[in-house]
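K.L.:
Here you go, this is work_29.cif (mmCIF, C-alpha atoms).
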data_coords
loop_
_atom_site.label_atom_id
_atom_site.label_comp_id
_atom_site.auth_asym_id
_atom_site.auth_seq_id
_atom_site.Cartn_x
_atom_site.Cartn_y
_atom_site.Cartn_z
CA MET A 1 -44.10 -1.26 -15.83
CA ALA A 2 -44.78 -4.93 -15.13
CA ASP A 3 -41.50 -6.56 -14.11
CA ARG A 4 -40.93 -10.23 -13.78
CA PRO A 5 -42.56 -11.52 -10.57
CA VAL A 6 -39.77 -11.39 -7.98
CA PRO A 7 -40.02 -13.99 -5.21
CA VAL A 8 -41.22 -12.58 -1.88
CA LYS A 9 -38.14 -13.52 0.04
CA ASP A 10 -35.90 -11.34 -2.11
CA LEU A 11 -37.89 -8.14 -1.58
CA LYS A 12 -36.92 -5.55 0.97
CA LEU A 13 -39.21 -4.96 3.95
CA LEU A 14 -40.41 -1.58 2.70
CA ASP A 15 -41.31 -2.95 -0.74
CA ILE A 16 -43.75 -5.69 0.22
CA LYS A 17 -47.49 -5.32 0.51
CA LEU A 18 -49.14 -5.70 3.88
CA GLY A 19 -50.77 -9.03 3.04
CA GLN A 20 -47.41 -10.56 2.17
CA LEU A 21 -45.94 -9.75 5.58
CA PRO A 22 -46.43 -13.16 7.25
CA GLY A 23 -44.98 -14.91 4.25
CA TRP A 24 -42.05 -12.56 4.20
CA LEU A 25 -41.39 -13.04 7.90
CA ALA A 26 -41.56 -16.80 7.46
CA SER A 27 -39.08 -16.79 4.60
CA ARG A 28 -36.37 -14.94 6.51
CA ASN A 29 -33.21 -16.79 7.49
CA TYR A 30 -33.15 -16.94 11.31
CA SER A 31 -29.90 -18.82 11.76
CA PRO A 32 -26.91 -16.98 13.27
CA MET A 33 -25.32 -16.73 9.84
CA GLY A 34 -28.59 -15.34 8.61
CA PHE A 35 -28.50 -12.59 11.22
CA VAL A 36 -24.92 -11.79 10.38
CA ASN A 37 -25.79 -11.63 6.70
CA GLY A 38 -28.76 -9.41 7.41
CA TYR A 39 -26.62 -7.07 9.48
CA ARG A 40 -23.98 -7.02 6.72
CA ARG A 41 -26.61 -6.23 4.11
CA GLY A 42 -28.12 -3.39 6.10
CA TYR A 43 -24.75 -1.93 6.97
CA ASN A 44 -23.59 -2.05 3.36
CA ARG A 45 -26.78 -0.42 2.13
CA PHE A 46 -26.46 2.44 4.62
CA TYR A 47 -22.76 2.79 4.02
CA SER A 48 -22.94 2.86 0.24
CA LYS A 49 -25.83 5.32 0.27
CA TYR A 50 -24.72 7.88 2.84
CA ILE A 51 -21.01 7.52 3.57
CA ASP A 52 -19.21 6.03 0.56
CA VAL A 53 -19.75 9.00 -1.72
CA LYS A 54 -17.50 11.67 -3.10
CA LYS A 55 -19.09 14.60 -1.29
CA GLY A 56 -20.83 13.23 1.78
CA GLY A 57 -22.71 15.60 4.02
CA ILE A 58 -23.40 15.64 7.73
CA GLY A 59 -26.36 13.28 7.29
CA GLY A 60 -24.42 10.03 7.42
CA ILE A 61 -22.75 10.51 10.78
CA ALA A 62 -25.62 12.57 12.22
CA MET A 63 -28.09 9.76 11.57
CA LEU A 64 -25.78 7.25 13.22
CA LEU A 65 -25.31 9.44 16.29
CA THR A 66 -29.03 10.21 16.52
CA GLY A 67 -29.79 6.50 16.31
CA TYR A 68 -27.26 5.87 19.06
CA VAL A 69 -28.87 8.51 21.27
CA LEU A 70 -32.34 7.13 20.70
CA ILE A 71 -31.34 3.52 21.31
CA SER A 72 -29.48 4.39 24.51
CA TYR A 73 -32.57 6.32 25.74
CA ILE A 74 -34.78 3.34 25.00
CA TRP A 75 -32.42 0.94 26.77
CA ASN A 76 -32.25 3.20 29.83
CA TYR A 77 -35.97 4.03 29.94
CA ASP A 78 -36.62 1.78 32.93
CA HIS A 79 -34.13 3.81 34.88
CA ILE A 80 -35.32 7.19 33.59
CA LYS A 81 -38.94 6.25 34.42
CA HIS A 82 -38.28 7.10 38.04
CA GLU A 83 -37.50 10.75 37.22
CA ARG A 84 -40.96 11.50 35.88
CA TRP A 85 -42.68 14.66 37.12
CA ARG A 86 -46.22 13.33 37.38
CA ARG A 87 -47.44 10.01 38.47
CA TYR A 88 -50.58 9.81 36.34
CA HIS A 89 -50.69 10.87 32.70
CA MET B 1 -0.33 -13.08 -21.13
CA LEU B 2 -1.07 -14.30 -17.67
CA VAL B 3 -3.88 -11.71 -17.40
CA ARG B 4 -5.41 -13.16 -20.56
CA LEU B 5 -5.23 -16.64 -19.07
CA VAL B 6 -6.88 -15.47 -15.86
CA LEU B 7 -9.64 -13.62 -17.70
CA ARG B 8 -10.34 -16.60 -19.89
CA GLY B 9 -10.37 -18.89 -16.88
CA LEU B 10 -12.86 -16.68 -15.02
CA ALA B 11 -15.75 -17.34 -17.42
CA PRO B 12 -18.43 -18.50 -14.95
CA ALA B 13 -19.67 -21.42 -16.98
CA ALA B 14 -16.19 -22.79 -17.46
CA LEU B 15 -15.40 -22.32 -13.78
CA ARG B 16 -18.58 -24.08 -12.68
CA SER B 17 -17.53 -27.05 -14.73
CA LEU B 18 -14.04 -26.80 -13.21
CA ALA B 19 -15.39 -26.84 -9.62
CA PRO B 20 -15.40 -30.65 -9.16
CA ALA B 21 -11.81 -30.86 -10.33
CA LEU B 22 -10.71 -28.45 -7.59
CA SER B 23 -11.53 -31.01 -4.87
CA ALA B 24 -8.42 -32.89 -5.82
CA GLY B 25 -6.29 -30.22 -4.15
CA ALA B 26 -5.36 -29.83 -0.50
CA VAL B 27 -8.39 -27.60 0.32
CA HIS B 28 -11.64 -29.46 -0.19
CA VAL B 29 -14.10 -27.05 -1.83
CA SER B 30 -17.63 -28.14 -1.10
CA ARG B 31 -19.56 -25.25 -2.59
CA PRO B 32 -19.30 -23.94 -6.13
CA LEU B 33 -17.23 -20.79 -6.52
CA HIS B 34 -17.96 -17.70 -8.56
CA THR B 35 -21.63 -18.38 -9.13
CA SER B 36 -22.64 -14.72 -9.08
CA GLN B 37 -22.33 -12.39 -12.01
CA GLN B 38 -18.70 -11.43 -12.52
CA HIS B 39 -18.06 -7.75 -13.06
CA LEU B 40 -14.90 -7.78 -15.10
CA ALA B 41 -15.22 -4.17 -16.19
CA PRO B 42 -13.84 -1.45 -13.89
CA LEU B 43 -16.09 -0.62 -10.94
CA PRO B 44 -18.61 2.19 -11.47
CA PRO B 45 -17.38 5.50 -10.04
CA LEU B 46 -18.61 6.63 -6.64
CA PRO B 47 -21.79 8.69 -6.64
CA GLU B 48 -21.19 12.42 -6.31
CA THR B 49 -23.49 13.05 -3.34
CA GLY B 50 -25.14 10.69 -0.91
CA GLY B 51 -28.77 10.20 -0.15
CA LYS B 52 -30.54 13.41 0.70
CA VAL B 53 -31.13 14.09 4.37
CA ARG B 54 -33.35 16.88 5.67
CA HIS B 55 -32.34 18.77 8.80
CA GLY B 56 -29.32 16.50 9.03
CA VAL B 57 -31.11 13.53 10.58
CA ILE B 58 -34.26 12.60 8.63
CA PRO B 59 -33.86 10.97 5.19
CA GLU B 60 -35.67 12.66 2.37
CA GLU B 61 -37.49 9.43 1.49
CA PHE B 62 -39.66 9.86 4.57
CA PHE B 63 -40.90 13.22 3.37
CA GLN B 64 -41.54 11.83 -0.09
CA PHE B 65 -43.37 8.89 1.42
CA LEU B 66 -45.83 11.20 3.22
CA TYR B 67 -46.09 13.82 0.48
CA PRO B 68 -48.94 12.26 -1.61
CA LYS B 69 -51.27 11.99 1.37
CA THR B 70 -50.40 14.95 3.54
CA GLY B 71 -48.54 17.43 1.35
CA VAL B 72 -45.54 19.43 2.44
CA THR B 73 -46.42 20.08 6.08
CA GLY B 74 -47.42 16.49 6.84
CA PRO B 75 -44.15 15.25 8.31
CA TYR B 76 -43.77 18.42 10.39
CA MET B 77 -47.26 18.01 11.84
CA LEU B 78 -46.44 14.38 12.53
CA GLY B 79 -43.25 15.45 14.27
CA THR B 80 -45.00 18.07 16.39
CA GLY B 81 -47.75 15.69 17.34
CA LEU B 82 -45.32 12.95 18.28
CA LEU B 83 -43.26 15.37 20.34
CA LEU B 84 -46.29 16.64 22.29
CA TYR B 85 -47.47 13.09 22.81
CA PHE B 86 -44.11 12.00 24.19
CA LEU B 87 -43.91 15.03 26.43
CA SER B 88 -47.43 14.78 27.77
CA LYS B 89 -47.31 11.06 28.41
CA GLU B 90 -43.77 11.50 29.74
CA ILE B 91 -42.43 8.88 27.47
CA TYR B 92 -39.72 11.45 27.09
CA VAL B 93 -38.82 12.68 30.57
CA ILE B 94 -37.46 16.19 31.08
CA ASN B 95 -34.53 16.06 33.43
CA HIS B 96 -31.01 17.49 33.75
CA GLU B 97 -29.93 15.57 30.65
CA THR B 98 -32.48 17.43 28.56
CA LEU B 99 -30.74 20.72 29.23
CA ALA B 100 -27.35 19.19 28.55
CA GLY B 101 -28.62 17.63 25.35
CA LEU B 102 -30.16 20.88 24.13
CA SER B 103 -26.94 22.78 24.81
CA ILE B 104 -24.85 20.20 23.03
CA VAL B 105 -27.18 20.14 20.04
CA GLY B 106 -27.18 23.93 19.90
CA ILE B 107 -23.40 24.13 19.92
CA LEU B 108 -23.15 21.37 17.34
CA ILE B 109 -25.55 23.10 15.00
CA TYR B 110 -23.73 26.41 15.41
CA GLY B 111 -20.34 24.79 14.79
CA ILE B 112 -21.53 22.86 11.77
CA LYS B 113 -23.20 25.87 10.22
CA LYS B 114 -20.14 28.03 10.69
CA TYR B 115 -17.29 25.67 9.83
CA GLY B 116 -18.98 22.98 7.75
CA GLY B 117 -18.06 24.54 4.45
CA ASN B 118 -14.40 24.90 5.38
CA VAL B 119 -14.10 21.34 6.55
CA ALA B 120 -15.80 20.08 3.42
CA ALA B 121 -13.47 22.10 1.21
CA PHE B 122 -10.45 20.81 3.10
CA ALA B 123 -11.57 17.22 2.77
CA ASP B 124 -12.27 17.73 -0.91
CA LYS B 125 -8.79 19.11 -1.39
CA LEU B 126 -7.26 16.06 0.28
CA ILE B 127 -9.26 13.77 -1.92
CA GLU B 128 -8.28 15.78 -4.99
CA GLU B 129 -4.62 15.36 -4.20
CA GLN B 130 -4.99 11.62 -3.73
CA MET B 131 -6.94 11.30 -6.93
CA ALA B 132 -4.34 13.38 -8.75
CA THR B 133 -1.50 11.12 -7.63
CA LEU B 134 -3.45 8.00 -8.53
CA THR B 135 -4.42 9.39 -11.92
CA ASP B 136 -0.81 10.30 -12.50
CA VAL B 137 0.22 6.75 -11.76
CA LYS B 138 -2.48 5.44 -14.04
CA ASP B 139 -1.61 7.83 -16.85
CA SER B 140 2.08 7.16 -16.63
CA MET B 141 1.40 3.45 -16.65
CA ILE B 142 -0.87 3.81 -19.67
CA ASN B 143 1.76 5.90 -21.43
CA SER B 144 4.51 3.45 -20.72
CA LEU B 145 2.36 0.58 -21.90
CA GLU B 146 1.45 2.42 -25.08
CA LYS B 147 5.11 3.12 -25.66
CA ALA B 148 5.81 -0.53 -25.13
CA ILE B 149 3.17 -1.36 -27.72
CA GLU B 150 4.78 1.05 -30.17
CA ASP B 151 8.18 -0.46 -29.58
CA GLU B 152 6.77 -3.93 -30.02
CA LYS B 153 5.22 -2.95 -33.33
CA LYS B 154 8.52 -1.46 -34.41
CA GLU B 155 10.30 -4.65 -33.52
CA GLN B 156 7.78 -6.62 -35.52
CA TRP B 157 8.36 -4.33 -38.46
CA ARG B 158 12.09 -4.83 -38.04
CA VAL B 159 11.67 -8.57 -38.18
CA GLU B 160 10.34 -8.27 -41.70
CA GLY B 161 13.71 -6.97 -42.85
CA ARG B 162 15.66 -9.91 -41.59
CA HIS B 163 16.22 -11.27 -45.09
CA TYR B 164 18.44 -8.27 -45.78
CA LEU B 165 20.59 -9.24 -42.85
CA PHE B 166 20.84 -12.82 -43.95
CA ASP B 167 21.60 -11.90 -47.55
CA THR B 168 24.42 -9.67 -46.40
CA LYS B 169 25.78 -12.36 -44.18
CA ARG B 170 25.59 -14.87 -46.97
CA ASN B 171 27.39 -12.46 -49.31
CA ASN B 172 30.09 -11.89 -46.73
CA ILE B 173 30.65 -15.56 -46.27
CA ALA B 174 30.74 -16.16 -50.02
CA MET B 175 33.31 -13.43 -50.38
CA LEU B 176 35.42 -14.89 -47.62
CA LEU B 177 35.29 -18.29 -49.23
CA GLU B 178 36.18 -16.87 -52.63
CA THR B 179 39.10 -14.90 -51.22
CA ASN B 180 40.39 -17.88 -49.36
CA TYR B 181 40.09 -20.07 -52.42
CA ARG B 182 42.01 -17.59 -54.54
CA GLU B 183 44.72 -17.19 -51.96
CA ARG B 184 45.23 -20.91 -51.86
CA LEU B 185 45.24 -21.08 -55.63
CA LEU B 186 47.98 -18.46 -55.68
CA THR B 187 49.96 -20.37 -53.09
CA VAL B 188 49.67 -23.54 -55.11
CA TYR B 189 50.79 -21.74 -58.25
CA THR B 190 53.78 -20.15 -56.50
CA GLU B 191 54.88 -23.40 -54.96
CA VAL B 192 54.64 -25.31 -58.20
CA LYS B 193 56.52 -22.57 -60.05
CA LYS B 194 59.23 -22.64 -57.43
CA ARG B 195 59.70 -26.32 -57.83
CA LEU B 196 59.72 -26.13 -61.64
CA ASP B 197 62.20 -23.23 -61.55
CA TYR B 198 64.39 -25.31 -59.37
CA GLN B 199 64.38 -28.16 -61.83
CA VAL B 200 65.14 -25.80 -64.70
CA ALA B 201 67.97 -24.19 -62.81
CA VAL B 202 69.36 -27.61 -61.98
CA GLN B 203 69.28 -28.61 -65.63
CA HIS B 204 71.03 -25.41 -66.79
CA PHE B 205 73.65 -25.83 -64.16
CA MET B 206 74.30 -29.43 -65.11
CA ARG B 207 74.55 -28.46 -68.76
CA ARG B 208 77.01 -25.68 -68.08
CA LYS B 209 79.08 -27.84 -65.84
CA GLU B 210 79.23 -30.58 -68.43
CA GLN B 211 80.22 -28.07 -71.14
CA ASP B 212 82.96 -26.57 -69.02
CA HIS B 213 84.22 -29.91 -68.05
CA MET B 214 84.25 -31.12 -71.65
CA ILE B 215 86.04 -28.00 -72.90
CA SER B 216 88.70 -28.20 -70.27
CA TRP B 217 89.07 -31.92 -70.88
CA VAL B 218 89.48 -31.35 -74.64
CA GLU B 219 92.00 -28.55 -74.04
CA GLN B 220 93.98 -30.72 -71.71
CA SER B 221 94.01 -33.64 -74.09
CA VAL B 222 95.07 -31.40 -76.98
CA ARG B 223 97.88 -29.87 -74.93
CA LYS B 224 98.98 -33.28 -73.91
CA SER B 225 98.96 -34.48 -77.50
CA ILE B 226 101.17 -31.64 -78.67
CA THR B 227 104.70 -33.21 -78.33
CA ALA B 228 107.96 -31.23 -78.24
CA GLN B 229 108.81 -32.19 -81.78
CA GLN B 230 105.60 -30.97 -83.21
CA GLU B 231 105.98 -27.83 -81.26
CA LYS B 232 109.34 -27.08 -82.81
CA GLU B 233 108.08 -27.87 -86.30
CA SER B 234 105.05 -25.73 -85.88
CA ILE B 235 107.14 -22.85 -84.59
CA ALA B 236 109.51 -23.18 -87.64
CA LYS B 237 106.56 -23.30 -90.01
CA CYS B 238 105.14 -20.23 -88.40
CA ILE B 239 108.46 -18.42 -88.86
CA LEU B 240 108.61 -19.41 -92.57
CA ASP B 241 105.01 -18.29 -93.06
CA LEU B 242 105.82 -15.01 -91.44
CA LYS B 243 108.88 -14.51 -93.69
CA MET B 244 106.81 -15.24 -96.76
CA LEU B 245 104.12 -12.93 -95.64
CA SER B 246 106.65 -10.22 -94.99
CA ARG B 247 108.20 -10.79 -98.52
CA SER B 248 104.75 -10.62 -100.13
CA ALA B 249 103.96 -7.57 -98.15
CA GLN B 250 107.27 -5.94 -99.24
CA ALA B 251 106.53 -6.91 -102.84
CA ALA B 252 103.08 -5.43 -102.69
CA VAL B 253 104.48 -2.21 -101.40
#
Show how you would write the structure in this file as structure tokens.

P.N.:
Amino acid sequence: MADRPVPVKDLKLLDIKLGQLPGWLASRNYSPMGFVNGYRRGYNRFYSKYIDVKKGGIGGIAMLLTGYVLISYIWNYDHIKHERWRRYH
Amino acid sequence: MLVRLVLRGLAPAALRSLAPALSAGAVHVSRPLHTSQQHLAPLPPLPETGGKVRHGVIPEEFFQFLYPKTGVTGPYMLGTGLLLYFLSKEIYVINHETLAGLSIVGILIYGIKKYGGNVAAFADKLIEEQMATLTDVKDSMINSLEKAIEDEKKEQWRVEGRHYLFDTKRNNIAMLLETNYRERLLTVYTEVKKRLDYQVAVQHFMRRKEQDHMISWVEQSVRKSITAQQEKESIAKCILDLKMLSRSAQAAV
């Protein structure tokens, strides 16, 4: 199954080999419009895969809420650090 | 017809060549339009179910990703190990929010397991109704358009018979002309006959009048020419003739 060689910058992050990572990072578009486009792309991929279906399950919203919980924990970790039970781990 | 024009105009190659001409308008277009592949066909239908998610939060692709190397229990071992690591290093701190979070998650799971099916069925019913109305609209529109096509074909078939109509009209007009012509002919004939009859009647009348006049004039002249003398002589002669006739009549008897 040898396809035509696709240029590195068009591949998704999970599809590239480890050696191509620097090249891939260098070929990304880091302008503000690039970030907006990247966000749009990611959102559309998630949306069309998990939410925009005829019989969607709990997974779509549950993943979003779980991500929200995790991100809010990470952002508040400096504050939660002070409630640790032991000083040395 | 306009749809055909639009579809023809949307051919990408043609539109790319049209792009420079668009800059003549009020909006200056600096980048070429419609360079991606145009999907003119109807959109593909929505997929039936979304991506698979295990335990509600972890996509199935993760399990498949780890399956070749670690088998079925790999991701669960990874999860357990990560959890113990976070707990022991207190990257995840146990505090009052942990209890609240566990309670909330427990209630959520219980609620979803109990009422998830009902909610899904209700949502499906709503969607079914919407789809039914939309399909009705689409079907009725298709039907009406097909009917319009049928009617159009019928009209086209009718057009073929237009020579009948024109022949009939031509015949009607010819008959009208003929009738009119004959009526006028009759009028002419009657008028001419009337005038000729008049002339004939005038001639007869003149003739009769002349005859009468001549007869009366002759009678008058004859009466005038009979003098008294001749009248007496003629009366005497008549008497003599009568006597002779009476003698001959007596003799015969």

K.L.:
Determine the nearest neighbour of Leu11 of chain A from the options A:Arg86, A:Leu25, A:Ala62, A:Asn44, counting all atoms listed in the file.

P.N.:
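Among the listed residues, the smallest separation from Leu11 of chain A belongs to A:Leu25.
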
K.L.:
Once the PyMOL selection byres ((chain A) within 7 of (chain B)) has been evaluated on this model, what residues remain selected, and can you format them as a list in words?

P.N.:
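Residues picked by the PyMOL selection byres ((chain A) within 7 of (chain B)): Lys49, Tyr50, Ile51, Val53, Lys54, Lys55, Gly56, Ile58, Gly59, Ala62, Met63, Arg84 and His89 of chain A.
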
K.L.:
How many Å separate atom CA of Lys224 of chain B from atom CA of Ala236 of chain B?

P.N.:
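It comes out at 20.0 Å.
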
K.L.:
Return as a list of chain:residue names the set of residues that the PyMOL selection byres ((chain A and resi 27-36) around 12) yields on the displayed structure.

P.N.:
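Applying the expression gives A:Pro7, A:Val8, A:Lys9, A:Asp10, A:Leu11, A:Lys12, A:Leu13, A:Gln20, A:Leu21, A:Pro22, A:Gly23, A:Trp24, A:Leu25, A:Ala26, A:Asn37, A:Gly38, A:Tyr39, A:Arg40, A:Arg41, A:Gly42, A:Tyr43.
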
K.L.:
Restricting the calculation to only C-alpha atoms: of A:Tyr73, A:Ile80, A:Tyr68, A:Gly60, which residue gets closest to Arg45 of chain A?

P.N.:
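Under the stated criterion, the closest residue is A:Gly60.
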
K.L.:
Quick check, in Å to one decimal: how far apart do atom CA of Phe65 of chain B and atom CA of Phe46 of chain A lie?

P.N.:
18.4 Å

K.L.:
Could you please determine the separation between atom CA of Glu97 of chain B and atom CA of Val69 of chain A in Å, to one decimal place?

P.N.:
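The value is 11.8 Å.
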